[in-house]
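Novice: Can you read through this structure? Questions will come right after.
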Amino acid sequence: MNKQTDENKLNVPKKDYCTPMHTAEHILNQAMCRNFGSDRAFNAHIEAKKSKCDYHFNDSSKIPTTEALIVLEAEVNDIISRNLEVTSRIVTREEAAKVADLSRLPKDASEMVRLVFVGDYDVCPCIGTHVSNTKEIGKFRIISTDFNDGVFRIRWKVEGKI
Ligand SMILES: [Zn+2]
């Protein structure tokens with residue numbers, strides 16, 4: 001089974017995902033990196049009603065507390081509410097590596113890389129489709145979380161726009 005997220009599938013866009021949810025995934029990943037020193041989700045399942053993202057946490061003492069998750073949710077909503085433009089640019093791998101982590105690009109990814117920017121908050125390589133402005137996303141809500149075998153899973157949704 002392919003465990004790569006949409007963000008990593010630079011060559012083959014997934015057909016059936018929801019654009020606002022997927023854009024929220026970008027913001028959630030950046031918020032996880034900033035708040036918990038986590039990597040971006042290594043596995044994601046994005047659907048219109050409910051999505052989930054999985055993060056590696058080798059040290060269980062580092063997993064987010066309930067209080068920290070409230071802060072995380074608020075940060076994602078703060079970014080959404082800033083009405084940031086979501087833009088993309090196609091650059092060489094070399095140029096992309098200066099601003100984004102390319103370590104998880106598939107080996108057969110093309111030499112040119114499409115970077116997706118959420119304002120100046122997040123940049124990552126992605127071939128997917130996104131809203132053009134974060135105001136199209138709606139409200140981000142964490143539904144539940146759990147931690148098993150070094151994997152912290154966040155189940156979440158967005159409300160109000162879809
Ligand atoms: Zn994307």
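Following the order of the structure tokens, chains are lettered A, B, ..., residues in each are numbered from 1, and ligands are numbered from 1.
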Could you pull out all residues of chain A with a DSSP call of alpha helix (DSSP H) and give them as a PyMOL selection string?
Specialist: chain A and resi 19-36+66-81+93-99
Novice: Kindly provide the residues of chain A that approach ligand 1 to within 7 Å, each paired with its closest atom pair and their distance in Å to one decimal, based on only C-alpha atoms and all ligand atoms, listed by chain and increasing number, as CSV.
Specialist:
```
residue,atom,partner,partner_atom_place_in_ligand_line,distance
A:Asp6,CA,ligand 1,1 (Zn),6.6
A:Glu7,CA,ligand 1,1 (Zn),5.2
A:His22,CA,ligand 1,1 (Zn),6.0
A:Thr23,CA,ligand 1,1 (Zn),6.0
A:His26,CA,ligand 1,1 (Zn),6.4
A:Val116,CA,ligand 1,1 (Zn),6.8
A:Cys126,CA,ligand 1,1 (Zn),4.6
A:Ile127,CA,ligand 1,1 (Zn),6.2
A:Gly128,CA,ligand 1,1 (Zn),4.5
A:Thr129,CA,ligand 1,1 (Zn),6.1
A:His130,CA,ligand 1,1 (Zn),6.2
```
Novice: Include N, CA and C atoms and write out the residues we just selected as an mmCIF file, in the first residue's frame.
Specialist:
```
data_model
loop_
_atom_site.group_PDB
_atom_site.id
_atom_site.type_symbol
_atom_site.label_atom_id
_atom_site.label_comp_id
_atom_site.auth_asym_id
_atom_site.auth_seq_id
_atom_site.Cartn_x
_atom_site.Cartn_y
_atom_site.Cartn_z
ATOM 1 N N ASP A 6 -0.722 13.010 -0.478
ATOM 2 C CA ASP A 6 -0.939 13.728 -1.732
ATOM 3 C C ASP A 6 0.220 14.666 -2.016
ATOM 4 N N GLU A 7 0.738 15.244 -0.958
ATOM 5 C CA GLU A 7 1.803 16.221 -1.140
ATOM 6 C C GLU A 7 3.029 15.605 -1.794
ATOM 7 N N HIS A 22 -7.734 19.719 1.398
ATOM 8 C CA HIS A 22 -6.331 19.483 1.058
ATOM 9 C C HIS A 22 -5.479 20.713 1.363
ATOM 10 N N THR A 23 -6.016 21.894 1.110
ATOM 11 C CA THR A 23 -5.263 23.116 1.425
ATOM 12 C C THR A 23 -5.096 23.255 2.940
ATOM 13 N N HIS A 26 -2.146 21.361 4.166
ATOM 14 C CA HIS A 26 -0.859 22.068 4.074
ATOM 15 C C HIS A 26 -0.623 22.893 5.339
ATOM 16 N N VAL A 116 4.052 24.950 -3.704
ATOM 17 C CA VAL A 116 2.786 25.594 -3.362
ATOM 18 C C VAL A 116 3.006 26.431 -2.102
ATOM 19 N N CYS A 126 4.037 20.199 -4.166
ATOM 20 C CA CYS A 126 2.731 19.535 -4.298
ATOM 21 C C CYS A 126 2.191 19.758 -5.705
ATOM 22 N N ILE A 127 1.589 18.715 -6.256
ATOM 23 C CA ILE A 127 1.004 18.805 -7.587
ATOM 24 C C ILE A 127 -0.527 18.900 -7.512
ATOM 25 N N GLY A 128 -1.055 18.879 -6.295
ATOM 26 C CA GLY A 128 -2.507 18.844 -6.110
ATOM 27 C C GLY A 128 -3.186 20.150 -6.450
ATOM 28 N N THR A 129 -4.493 20.193 -6.279
ATOM 29 C CA THR A 129 -5.241 21.425 -6.499
ATOM 30 C C THR A 129 -5.604 22.045 -5.161
ATOM 31 N N HIS A 130 -5.612 23.371 -5.145
ATOM 32 C CA HIS A 130 -5.773 24.111 -3.901
ATOM 33 C C HIS A 130 -6.755 25.253 -4.102
#
```
Novice: Between A:Arg114, A:Met21, A:Arg93, A:Ala109, which one has atoms that come closest to A:Glu47, using only C-alpha atoms?
Specialist: A:Met21
Novice: Would you list the contacts of A:Leu115 as a PyMOL selection string, taking every protein, DNA or RNA residue within 9 Å and counting only C-alpha atoms, but skipping same-chain residues closer than 2 positions in sequence?
Specialist: chain A and resi 87-91+96+100+113+117+123-127
Novice: Any idea what the distance is between atom CA of A:Glu73 and atom CA of A:Leu105?
Specialist: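 Value for the atom CA of A:Glu73-atom CA of A:Leu105 distance: 27.3 Å.
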Novice: Between A:Ile70, A:Ile63, A:Ile154, A:Ile79, which residue has the minimum interatomic distance to A:Ala41, considering only C-alpha atoms?
Specialist: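 Answer, going by the shortest atom-to-atom distance: A:Ile154.
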Novice: Give the answer as one residue: which of A:Ala31, A:Lys135, A:Lys157, A:Ile80 has the shortest atom-to-atom distance to A:His45, using only C-alpha atoms?
Specialist: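 Among the listed residues, the smallest separation from A:His45 belongs to A:Lys157.
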Novice: Please indicate the distance in Å from atom CA of A:Arg141 to atom CA of A:Asn58, rounded to one decimal place.
Specialist: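 The value is 25.2 Å.
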Novice: DSSP on the backbone, strand (DSSP E) only: what residues of chain A does that give? Format it as a PyMOL selection string.
Specialist: chain A and resi 43-45+51-56+86-92+112-118+122-125+139-148+151-159
Novice: Which is closest to A:Asp78 among A:Lys49, A:Lys98, A:Lys139, A:Arg104, if we use only C-alpha atoms?
Specialist: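 Of A:Lys49, A:Lys98, A:Lys139, A:Arg104, the one nearest A:Asp78, counting only C-alpha atoms, is A:Lys139.
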